[in-house]
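**Q** Once you've had a glance at the structure underneath, I'll fire off some questions.
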Amino acid sequence: MRFQKAIKRMIALGTGAIMLSSMAGAAVDLANYPMPFVKDGKFSGVLIVGDKAASADVIGVSDIISSLQFAASKKVATTAPGTTTVEGDAWQVATSNHLELSEDGNSNDHVETLRNITSYIDKNNLKALASGSATNSKATSPYNQYFYLLGPGAETALNTGYVIYTEDDADVTADFLYFKSGKEIGRYLIEFTTSLESDVDDSAGSSSATGLFLTDFENVDLTMFGKKYSIVAAKRLTTNGQEVELTMMGGSGKDTLLEKATKTYDVSGKPYEVTLTYVGTDGAQFTINGQNTRKLAKGDTDKLSDGTTVGVSEILFQNFAGGIHSATFYIGANKLVLKDTAITDTGSSNQLKVDDNTIDDAQVIIEGTNSSSTFKINRIHVNMTADDNFFVPAGGKLSEAIKKEGGTSAEPQVLFTQNWDIEYRGLKNVNTEKIRVKTSGSSQYNLEFVDGDGYKVDVPIAKAQAASSLIFGDQGKEFINVENQSITRDDYFVVTDGSRKRGERKSYVLQYKGADKVTADNPVLKFRKLGEDKTIEQTFSAGTTDTPVIATLKIGGADFRVYNTSSIAVSDFNLRVDMDASGALSGINDSHVNITTRYGAEIGLRNTTIDGLGWGTGAVMLTVKTPDEARDGSSKDSVENIQAKDYAINITADSSTKVTFVVLSGQTSGQNGDRIAERTPDGKTNIQYGYTSYGAFVTRETPTSDPPTLSIDYPESQRYAQVYIAAKGASFSESGATTSEAVTVQRIQVGAAKLASEVADVKAQNSILVGGPCANKAAATVLGDPVDCTEGFEPGVGRIELFEHANGNVAMLVAGYGAVDTRNAAAVVANYADYKGQLKGAKVKVTKGVGNVLTVA
């Protein structure tokens, strides 16, 4: 007993780690040690000493266990997702409410629009919408700017301005920011807190009730969406005063030249030599880089051969000797004409003009008042509408999508001032895990997922045992996830900590590997923990009438009670397990225990034949759900606007004894709403893709002759859509995912060291035998039970030797003529890294020389 306790303490001590290479396909060779006893970072085997082991043997096996504990480790690659970095003036469409990926349904889209996040933004969100003031001879007029997202009306009625996985007009399937033709993109508003005011003048500049000129508006500067414009002309269009037209000009460079003067300007890195060649009552004319413009009146523009616009904002012609002849102009000009024929209402009556081009889908509204002597402007609106379906891809801009869809007739000027854009930077980049329904041959489906400890589990869930006949699990190995069903040897079952919130519960799949009868010495239940591929031996004792529990499994921080359902007087009796750690068994068949993956997906499995759901006899329904607080209760995630649809399939066996499945709609699977739409990209066949609003990416393959398969990339957290309103000059960069390696020690389990009498078949597993055949019955078995147990051993010499059994398992003998010789051999094995050049082949000898130095030969 003291020996066993010492071994248990040694097993629990390991904390460090080293990496091992693979032994797959290698010959039996001590140079490969510690393989095959440690493979892929896990200890695989048993350490055996004699029932009456000498203390030197005990120390030897303890040293080897400590050494192997360091070896039983693995490097785990941890990937941190990339991030989006913004430089410049940009606002992400997000508040405490995030923009969710919309779902493309069969009958209707379940969408979240930009306006579901907020109805407008202002200076607090974007510097380009900063407040300012306009000053003229009448007053100083402060103003605020706003950008209203999408059009008017209730948010629930909007069907534009959302991110969805779909197919664009060019048959490209991807996630896009989508704007629908005929629907508003947004509305710009500049609002004067003190009205911008002008006298009403005649052509001579004198006040007149019948005048058309709003002289005080001229040369007033307004900065709109971060771009500065000057009003170069302002007038009423009729004497009734309900109509107004403002001509505004902005550009890269503004200057005033005297007639015949020449000056060079830099516009976007290109030099422009400008000469004012003529000034008169009929206008001004320029020569720019050798090209003559036409005569330009005040407010006129002309376009150079390279596409650069020049515009005139002011002309001074003093027609007397010595009078000044000059012109104020813009090079790289942008001219806007804003007109409204009914300033007292809020309806739109005119389109925006940009550089003399009418922009059909940009509507101008000017609100103000008019008297016989004074004209006031209170607000200016520009409503921007999509003239086609616009699909903005990840990494793209709305302006680019407008140009792509419109071709040569595109009007990107619909984005008022063109000093901003709407950019889609794709879905938030987060870590993902795989959930798979995969084939094992054509007659079986296995479920693959990552369990609560981060291990990949691969478990059979459906087997076609005959034509159109399906079993839940595998032949002779049922899959059980209800507590009222007995678990027999080799059955698989689920345990999930139901005390945690949904999405945070830890789940595991165990396989019952049998039990000792209760009368055995130290009887145990045996379970295999899938994924980690770990054997759990749990002691048990007979329960009582009041407390029928025979054992408690402690896994993942939860207690799962175990009950027997057949006599424990015989081995491998049947069990029931409190699978949800509630402390009691459920007596109803509908109480299914779901699987929760590492990142929080909830996988439900139902044997529809037993449950009587009516979806075919011999069928298994599998549902992948994102638990939600509002719908499901007690969940880590709470829906903001869109509840992710469940993805459900119904698995059956076909007439050819093959497994197959169909995707279920929400109504059929017992959930609300349609299923997500799945799309086959252009040029591909037999494969479908789709997204849930949570960002789970579904891949369903439907080969012609083989069973369909399912793969879901499930995110660690919700993959929000990243949409930005960005001023000109803002830039985005994407940092790639970074991978780091952490060393994880995998504890050698208590029970790995045994007495020889506790091992029924030494060849049934890899084994390390400490002590020779005189002291260790297992060693004697491997050596062929020699008549003389000292045969082959020499005094003062230790022996390390490998034996490969016919079944592929390997035994390593660590022994000597005497106990000291055994301890010396064990010291070499424990410090194998120091003897790498000498430990080789199938057999070595260990001797101790001068200075107590161990020599291996």
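Residue numbering restarts at 1 in every chain; chains get A, B, ... in the order shown in the structure tokens, and ligands count up from 1 in that same order.
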How would you write, as an NGL selection string, the set of residues in region 493-584 of chain A that DSSP gives as strand (DSSP E)?

**A** :A and (493-496 or 507-515 or 524-529 or 534-539 or 549-555 or 558-564 or 575-577)

**Q** Identify, on the basis of only C-alpha atoms, every residue whose closest approach to Asp821 (chain A) does not exceed 8 Å; exclude the query and any residue fewer than 6 positions from it along the same chain; express the result as a PyMOL selection string.

**A** chain A and resi 795-798+815+846-847

**Q** Which of these, A:Leu276, A:Val267, A:Leu415, A:Ala321, has the shortest distance to Ile725 (chain A) once you count only C-alpha atoms?

**A** A:Leu415

**Q** What does the distance between CA of Phe416 (chain A) and CA of Ala726 (chain A) come to in Å, to one decimal place?

**A** 13.2 Å

**Q** So that I can see what lies close to region 186-196 of chain A, please list as JSON, numbers by chain the residues with an atom at most 10 Å from it, counting only C-alpha atoms and leaving out residues fewer than 3 positions away in the same chain.

**A** {"A": [115, 119, 120, 122, 129, 131, 132, 133, 134, 135, 136, 138, 139, 140, 141, 142, 143, 144, 145, 146, 147, 148, 149, 150, 151, 152, 161, 183, 216, 217, 220, 222, 223, 224, 225, 362, 363, 364, 365, 366, 367, 368, 369, 375, 376, 377, 378, 379, 380, 381, 382, 383, 384, 385, 386, 415, 416]}

**Q** Go through A:Asn607, A:Ile117, A:Leu246, A:Lys534 and flag the residue nearest Lys42 (chain A), using only C-alpha atoms for the distances.

**A**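 Once distances to Lys42 (chain A) are computed over only C-alpha atoms, the minimum belongs to A:Lys534.
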
**Q** Rank A:Trp91, A:Tyr508, A:Tyr691, A:Phe317 by their smallest atom-to-atom distance to Thr173 (chain A), using only C-alpha atoms, and report the top residue only.

**A** A:Tyr691

**Q** Excluding Ile651 (chain A) and residues on its chain fewer than 6 positions from it, collect all residues at most 10 Å away from it, counting only C-alpha atoms, and give them as a short mmCIF file (atom, residue, chain, number, x, y, z; two decimals) with all heavy atoms, in the first residue's frame.

**A**
data_model
loop_
_atom_site.label_atom_id
_atom_site.label_comp_id
_atom_site.auth_asym_id
_atom_site.auth_seq_id
_atom_site.Cartn_x
_atom_site.Cartn_y
_atom_site.Cartn_z
N TYR A 445 -22.59 7.45 -39.87
CA TYR A 445 -22.26 8.85 -39.62
C TYR A 445 -21.61 8.97 -38.25
O TYR A 445 -22.10 8.40 -37.27
CB TYR A 445 -23.50 9.73 -39.64
CG TYR A 445 -23.93 10.20 -41.01
CD1 TYR A 445 -25.25 10.07 -41.42
CD2 TYR A 445 -23.02 10.82 -41.88
CE1 TYR A 445 -25.66 10.51 -42.67
CE2 TYR A 445 -23.42 11.27 -43.13
CZ TYR A 445 -24.74 11.11 -43.52
OH TYR A 445 -25.14 11.54 -44.75
N ILE A 461 -22.91 8.22 -34.44
CA ILE A 461 -24.26 8.62 -34.02
C ILE A 461 -25.35 7.93 -34.83
O ILE A 461 -26.50 7.90 -34.40
CB ILE A 461 -24.45 10.15 -34.12
CG1 ILE A 461 -24.18 10.65 -35.54
CG2 ILE A 461 -23.61 10.87 -33.09
CD1 ILE A 461 -24.59 12.09 -35.77
N ALA A 462 -25.01 7.38 -35.99
CA ALA A 462 -26.06 6.75 -36.81
C ALA A 462 -25.43 5.67 -37.68
O ALA A 462 -24.42 5.89 -38.33
CB ALA A 462 -26.77 7.78 -37.68
N LYS A 463 -26.08 4.49 -37.67
CA LYS A 463 -25.58 3.34 -38.43
C LYS A 463 -26.73 2.71 -39.21
O LYS A 463 -27.78 2.38 -38.65
CB LYS A 463 -24.98 2.31 -37.47
CG LYS A 463 -24.51 1.02 -38.12
CD LYS A 463 -23.17 1.20 -38.82
CE LYS A 463 -22.60 -0.14 -39.29
NZ LYS A 463 -21.29 0.02 -39.93
N ALA A 464 -26.52 2.57 -40.53
CA ALA A 464 -27.50 1.85 -41.35
C ALA A 464 -27.21 0.36 -41.19
O ALA A 464 -26.24 -0.16 -41.72
CB ALA A 464 -27.37 2.27 -42.81
N LEU A 470 -32.15 2.18 -39.44
CA LEU A 470 -31.08 2.96 -38.82
C LEU A 470 -31.07 2.74 -37.32
O LEU A 470 -32.12 2.62 -36.70
CB LEU A 470 -31.29 4.46 -39.10
CG LEU A 470 -30.13 5.40 -38.76
CD1 LEU A 470 -29.07 5.34 -39.85
CD2 LEU A 470 -30.64 6.84 -38.61
N PHE A 472 -29.30 4.24 -33.59
CA PHE A 472 -28.72 5.43 -32.97
C PHE A 472 -27.39 5.02 -32.33
O PHE A 472 -27.38 4.31 -31.32
CB PHE A 472 -29.69 5.96 -31.94
CG PHE A 472 -29.40 7.35 -31.43
CD1 PHE A 472 -28.65 8.25 -32.17
CD2 PHE A 472 -29.89 7.75 -30.20
CE1 PHE A 472 -28.41 9.52 -31.69
CE2 PHE A 472 -29.67 9.03 -29.71
CZ PHE A 472 -28.92 9.92 -30.46
N ASN A 607 -33.36 10.43 -31.11
CA ASN A 607 -33.75 9.20 -31.79
C ASN A 607 -35.25 9.31 -32.05
O ASN A 607 -36.07 9.09 -31.15
CB ASN A 607 -33.43 8.00 -30.88
CG ASN A 607 -33.71 6.68 -31.54
OD1 ASN A 607 -34.52 6.59 -32.46
ND2 ASN A 607 -33.06 5.63 -31.05
N THR A 608 -35.61 9.66 -33.26
CA THR A 608 -37.01 10.00 -33.53
C THR A 608 -37.93 8.79 -33.45
O THR A 608 -39.14 8.93 -33.29
CB THR A 608 -37.15 10.66 -34.91
OG1 THR A 608 -36.68 9.76 -35.92
CG2 THR A 608 -36.34 11.94 -34.98
N TRP A 615 -41.18 11.54 -37.73
CA TRP A 615 -40.40 11.91 -38.91
C TRP A 615 -39.70 10.68 -39.49
O TRP A 615 -38.56 10.74 -39.93
CB TRP A 615 -39.37 12.99 -38.55
CG TRP A 615 -40.03 14.25 -38.11
CD1 TRP A 615 -41.16 14.80 -38.62
CD2 TRP A 615 -39.64 15.10 -37.04
NE1 TRP A 615 -41.49 15.94 -37.97
CE2 TRP A 615 -40.57 16.15 -36.97
CE3 TRP A 615 -38.59 15.09 -36.12
CZ2 TRP A 615 -40.49 17.18 -36.05
CZ3 TRP A 615 -38.51 16.11 -35.20
CH2 TRP A 615 -39.45 17.14 -35.17
N GLY A 616 -40.34 9.56 -39.44
CA GLY A 616 -39.79 8.34 -40.01
C GLY A 616 -39.23 7.44 -38.94
O GLY A 616 -38.57 7.88 -38.01
N GLY A 618 -36.70 4.78 -37.41
CA GLY A 618 -35.28 4.60 -37.63
C GLY A 618 -34.65 5.87 -38.16
O GLY A 618 -34.01 5.87 -39.21
N ALA A 619 -34.83 6.99 -37.47
CA ALA A 619 -34.28 8.26 -37.90
C ALA A 619 -33.66 8.97 -36.71
O ALA A 619 -34.06 8.78 -35.57
CB ALA A 619 -35.36 9.13 -38.54
N VAL A 620 -32.66 9.78 -37.00
CA VAL A 620 -31.99 10.58 -35.98
C VAL A 620 -32.01 12.04 -36.43
O VAL A 620 -31.58 12.35 -37.54
CB VAL A 620 -30.53 10.12 -35.78
CG1 VAL A 620 -29.78 11.09 -34.87
CG2 VAL A 620 -30.47 8.71 -35.21
N MET A 621 -32.54 12.90 -35.59
CA MET A 621 -32.54 14.31 -35.89
C MET A 621 -31.40 14.99 -35.13
O MET A 621 -31.26 14.81 -33.92
CB MET A 621 -33.86 14.98 -35.51
CG MET A 621 -33.95 16.41 -36.00
SD MET A 621 -35.46 17.25 -35.49
CE MET A 621 -35.10 17.57 -33.77
N LEU A 622 -30.61 15.75 -35.86
CA LEU A 622 -29.49 16.50 -35.27
C LEU A 622 -29.75 17.98 -35.49
O LEU A 622 -30.04 18.41 -36.61
CB LEU A 622 -28.17 16.08 -35.90
CG LEU A 622 -26.90 16.80 -35.40
CD1 LEU A 622 -25.71 15.84 -35.42
CD2 LEU A 622 -26.57 18.03 -36.23
N VAL A 659 -26.27 5.63 -45.20
CA VAL A 659 -26.84 6.72 -44.43
C VAL A 659 -27.04 7.92 -45.34
O VAL A 659 -26.32 8.11 -46.33
CB VAL A 659 -25.93 7.10 -43.24
CG1 VAL A 659 -26.03 6.09 -42.14
CG2 VAL A 659 -24.49 7.32 -43.68
N THR A 660 -28.00 8.72 -45.01
CA THR A 660 -28.26 9.95 -45.75
C THR A 660 -28.98 10.92 -44.83
O THR A 660 -29.37 10.55 -43.71
CB THR A 660 -29.11 9.68 -47.01
OG1 THR A 660 -29.18 10.88 -47.80
CG2 THR A 660 -30.51 9.22 -46.66
N PHE A 661 -29.11 12.18 -45.23
CA PHE A 661 -29.90 13.12 -44.44
C PHE A 661 -30.51 14.18 -45.33
O PHE A 661 -30.07 14.41 -46.45
CB PHE A 661 -29.08 13.76 -43.30
CG PHE A 661 -27.96 14.68 -43.74
CD1 PHE A 661 -28.24 15.97 -44.22
CD2 PHE A 661 -26.63 14.30 -43.62
CE1 PHE A 661 -27.21 16.81 -44.60
CE2 PHE A 661 -25.61 15.14 -43.99
CZ PHE A 661 -25.90 16.41 -44.49
N VAL A 662 -31.55 14.82 -44.80
CA VAL A 662 -32.16 15.98 -45.44
C VAL A 662 -32.15 17.12 -44.43
O VAL A 662 -32.16 16.88 -43.21
CB VAL A 662 -33.60 15.71 -45.92
CG1 VAL A 662 -33.62 14.67 -47.02
CG2 VAL A 662 -34.48 15.28 -44.75
N VAL A 663 -32.11 18.35 -44.94
CA VAL A 663 -32.15 19.52 -44.08
C VAL A 663 -33.61 19.82 -43.75
O VAL A 663 -34.47 19.82 -44.64
CB VAL A 663 -31.48 20.73 -44.74
CG1 VAL A 663 -31.49 21.94 -43.80
CG2 VAL A 663 -30.06 20.39 -45.14
#

**Q** Using only C-alpha atoms, which residues sit within 9 Å of Glu640 (chain A) once same-chain residues fewer than 4 positions away are excluded, as an NGL selection string?

**A** :A and (97-100)

**Q** Tell me which protein, DNA and RNA residues are within 7 Å of Leu427 (chain A), counting only C-alpha atoms, leaving out same-chain ones fewer than 5 positions away, and put them as a list in words.

**A**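 Near neighbours after the sequence-gap exclusion: Arg719, Tyr720, Ala721 and Gln722 of chain A.
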
**Q** Tell me which protein, DNA and RNA residues are within 10 Å of Leu336 (chain A), counting only C-alpha atoms, leaving out same-chain ones fewer than 5 positions away, and put them as an mmCIF file with N, CA, C and O atoms, in the first residue's frame.

**A**
data_model
loop_
_atom_site.group_PDB
_atom_site.id
_atom_site.type_symbol
_atom_site.label_atom_id
_atom_site.label_comp_id
_atom_site.auth_asym_id
_atom_site.auth_seq_id
_atom_site.Cartn_x
_atom_site.Cartn_y
_atom_site.Cartn_z
ATOM 1 N N TYR A 229 -17.012 74.384 -49.228
ATOM 2 C CA TYR A 229 -17.641 74.955 -50.419
ATOM 3 C C TYR A 229 -17.948 76.431 -50.157
ATOM 4 O O TYR A 229 -18.244 76.823 -49.026
ATOM 5 N N SER A 230 -17.897 77.220 -51.244
ATOM 6 C CA SER A 230 -18.321 78.615 -51.190
ATOM 7 C C SER A 230 -19.549 78.782 -52.074
ATOM 8 O O SER A 230 -19.623 78.200 -53.169
ATOM 9 N N ILE A 231 -20.504 79.571 -51.567
ATOM 10 C CA ILE A 231 -21.660 79.899 -52.404
ATOM 11 C C ILE A 231 -21.220 80.987 -53.372
ATOM 12 O O ILE A 231 -20.864 82.104 -52.966
ATOM 13 N N LEU A 246 -28.896 77.619 -55.222
ATOM 14 C CA LEU A 246 -27.567 77.936 -54.711
ATOM 15 C C LEU A 246 -26.524 77.238 -55.565
ATOM 16 O O LEU A 246 -26.599 76.027 -55.768
ATOM 17 N N THR A 247 -25.584 78.009 -56.083
ATOM 18 C CA THR A 247 -24.455 77.436 -56.815
ATOM 19 C C THR A 247 -23.240 77.512 -55.909
ATOM 20 O O THR A 247 -22.872 78.599 -55.424
ATOM 21 N N MET A 248 -22.656 76.358 -55.661
ATOM 22 C CA MET A 248 -21.541 76.271 -54.712
ATOM 23 C C MET A 248 -20.337 75.672 -55.412
ATOM 24 O O MET A 248 -20.464 74.879 -56.342
ATOM 25 N N MET A 249 -19.183 76.059 -54.950
ATOM 26 C CA MET A 249 -17.979 75.553 -55.578
ATOM 27 C C MET A 249 -16.921 75.279 -54.516
ATOM 28 O O MET A 249 -16.742 76.048 -53.564
ATOM 29 N N GLY A 250 -16.253 74.169 -54.686
ATOM 30 C CA GLY A 250 -15.133 73.807 -53.838
ATOM 31 C C GLY A 250 -14.075 73.161 -54.707
ATOM 32 O O GLY A 250 -14.316 72.853 -55.874
ATOM 33 N N GLY A 299 -19.707 81.292 -61.722
ATOM 34 C CA GLY A 299 -20.430 80.060 -61.440
ATOM 35 C C GLY A 299 -20.283 78.996 -62.506
ATOM 36 O O GLY A 299 -20.785 77.880 -62.332
ATOM 37 N N LEU A 352 -30.067 67.070 -57.360
ATOM 38 C CA LEU A 352 -28.757 67.695 -57.206
ATOM 39 C C LEU A 352 -28.052 67.741 -58.555
ATOM 40 O O LEU A 352 -28.145 66.808 -59.348
ATOM 41 N N LYS A 353 -27.324 68.836 -58.804
ATOM 42 C CA LYS A 353 -26.455 68.905 -59.969
ATOM 43 C C LYS A 353 -25.009 68.943 -59.495
ATOM 44 O O LYS A 353 -24.669 69.705 -58.572
ATOM 45 N N VAL A 354 -24.168 68.122 -60.118
ATOM 46 C CA VAL A 354 -22.748 68.079 -59.804
ATOM 47 C C VAL A 354 -21.991 68.300 -61.105
ATOM 48 O O VAL A 354 -22.131 67.514 -62.050
ATOM 49 N N ASP A 355 -21.204 69.403 -61.153
ATOM 50 C CA ASP A 355 -20.448 69.747 -62.378
ATOM 51 C C ASP A 355 -21.362 69.730 -63.595
ATOM 52 O O ASP A 355 -21.040 69.144 -64.636
ATOM 53 N N ASP A 356 -22.534 70.310 -63.432
ATOM 54 C CA ASP A 356 -23.536 70.473 -64.493
ATOM 55 C C ASP A 356 -24.212 69.179 -64.910
ATOM 56 O O ASP A 356 -24.981 69.164 -65.885
ATOM 57 N N ASN A 357 -23.946 68.080 -64.189
ATOM 58 C CA ASN A 357 -24.641 66.815 -64.445
ATOM 59 C C ASN A 357 -25.742 66.631 -63.405
ATOM 60 O O ASN A 357 -25.510 66.769 -62.199
ATOM 61 N N THR A 358 -26.933 66.330 -63.898
ATOM 62 C CA THR A 358 -28.047 66.095 -62.983
ATOM 63 C C THR A 358 -27.941 64.695 -62.392
ATOM 64 O O THR A 358 -27.841 63.701 -63.118
ATOM 65 N N PHE A 416 -23.327 62.503 -51.680
ATOM 66 C CA PHE A 416 -23.203 63.963 -51.645
ATOM 67 C C PHE A 416 -21.833 64.410 -51.155
ATOM 68 O O PHE A 416 -21.390 63.995 -50.088
ATOM 69 N N THR A 417 -21.177 65.225 -51.906
ATOM 70 C CA THR A 417 -19.824 65.790 -51.761
ATOM 71 C C THR A 417 -18.731 64.808 -52.155
ATOM 72 O O THR A 417 -17.600 65.213 -52.369
#

**Q** In Å to one decimal, how far is CA of Asn431 (chain A) from CA of Thr692 (chain A)?

**A**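 Computing the Euclidean distance for CA of Thr692 (chain A) and CA of Asn431 (chain A) yields 16.0 Å.
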
**Q** Have a look at A:Gln485, A:Ser373, A:Ser305, A:Thr275 and name the one nearest to Thr239 (chain A); count only C-alpha atoms.

**A**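 Among A:Gln485, A:Ser373, A:Ser305, A:Thr275, it is A:Ser373 that comes nearest to Thr239 (chain A).
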
**Q** Have a look at A:Ser541, A:Thr781, A:Asn481, A:Thr408 and name the one nearest to Ser586 (chain A); count only C-alpha atoms.

**A**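 Between A:Ser541, A:Thr781, A:Asn481, A:Thr408, the residue approaching Ser586 (chain A) most closely is A:Asn481.
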
**Q** Sorted by chain and rising residue number, which residues of region 129-199 of chain A lie within 9 Å of region 387-394 of chain A, and what are their closest atom pairs and distances in Å to one decimal, counting only C-alpha atoms, as JSON lines?

**A**
{"residue": "A:Val163", "atom": "CA", "partner": "A:Val392", "partner_atom": "CA", "distance": 9.0}
{"residue": "A:Glu167", "atom": "CA", "partner": "A:Phe391", "partner_atom": "CA", "distance": 9.0}
{"residue": "A:Asp168", "atom": "CA", "partner": "A:Phe391", "partner_atom": "CA", "distance": 6.2}
{"residue": "A:Asp169", "atom": "CA", "partner": "A:Asn389", "partner_atom": "CA", "distance": 8.1}
{"residue": "A:Ala174", "atom": "CA", "partner": "A:Pro393", "partner_atom": "CA", "distance": 7.5}
{"residue": "A:Asp175", "atom": "CA", "partner": "A:Pro393", "partner_atom": "CA", "distance": 6.6}
{"residue": "A:Phe176", "atom": "CA", "partner": "A:Pro393", "partner_atom": "CA", "distance": 4.7}
{"residue": "A:Leu177", "atom": "CA", "partner": "A:Val392", "partner_atom": "CA", "distance": 4.9}
{"residue": "A:Tyr178", "atom": "CA", "partner": "A:Phe391", "partner_atom": "CA", "distance": 4.9}
{"residue": "A:Phe179", "atom": "CA", "partner": "A:Phe390", "partner_atom": "CA", "distance": 5.1}
{"residue": "A:Lys180", "atom": "CA", "partner": "A:Asn389", "partner_atom": "CA", "distance": 4.7}
{"residue": "A:Ser181", "atom": "CA", "partner": "A:Asp388", "partner_atom": "CA", "distance": 4.2}
{"residue": "A:Gly182", "atom": "CA", "partner": "A:Asp387", "partner_atom": "CA", "distance": 5.7}
{"residue": "A:Lys183", "atom": "CA", "partner": "A:Asp387", "partner_atom": "CA", "distance": 8.1}
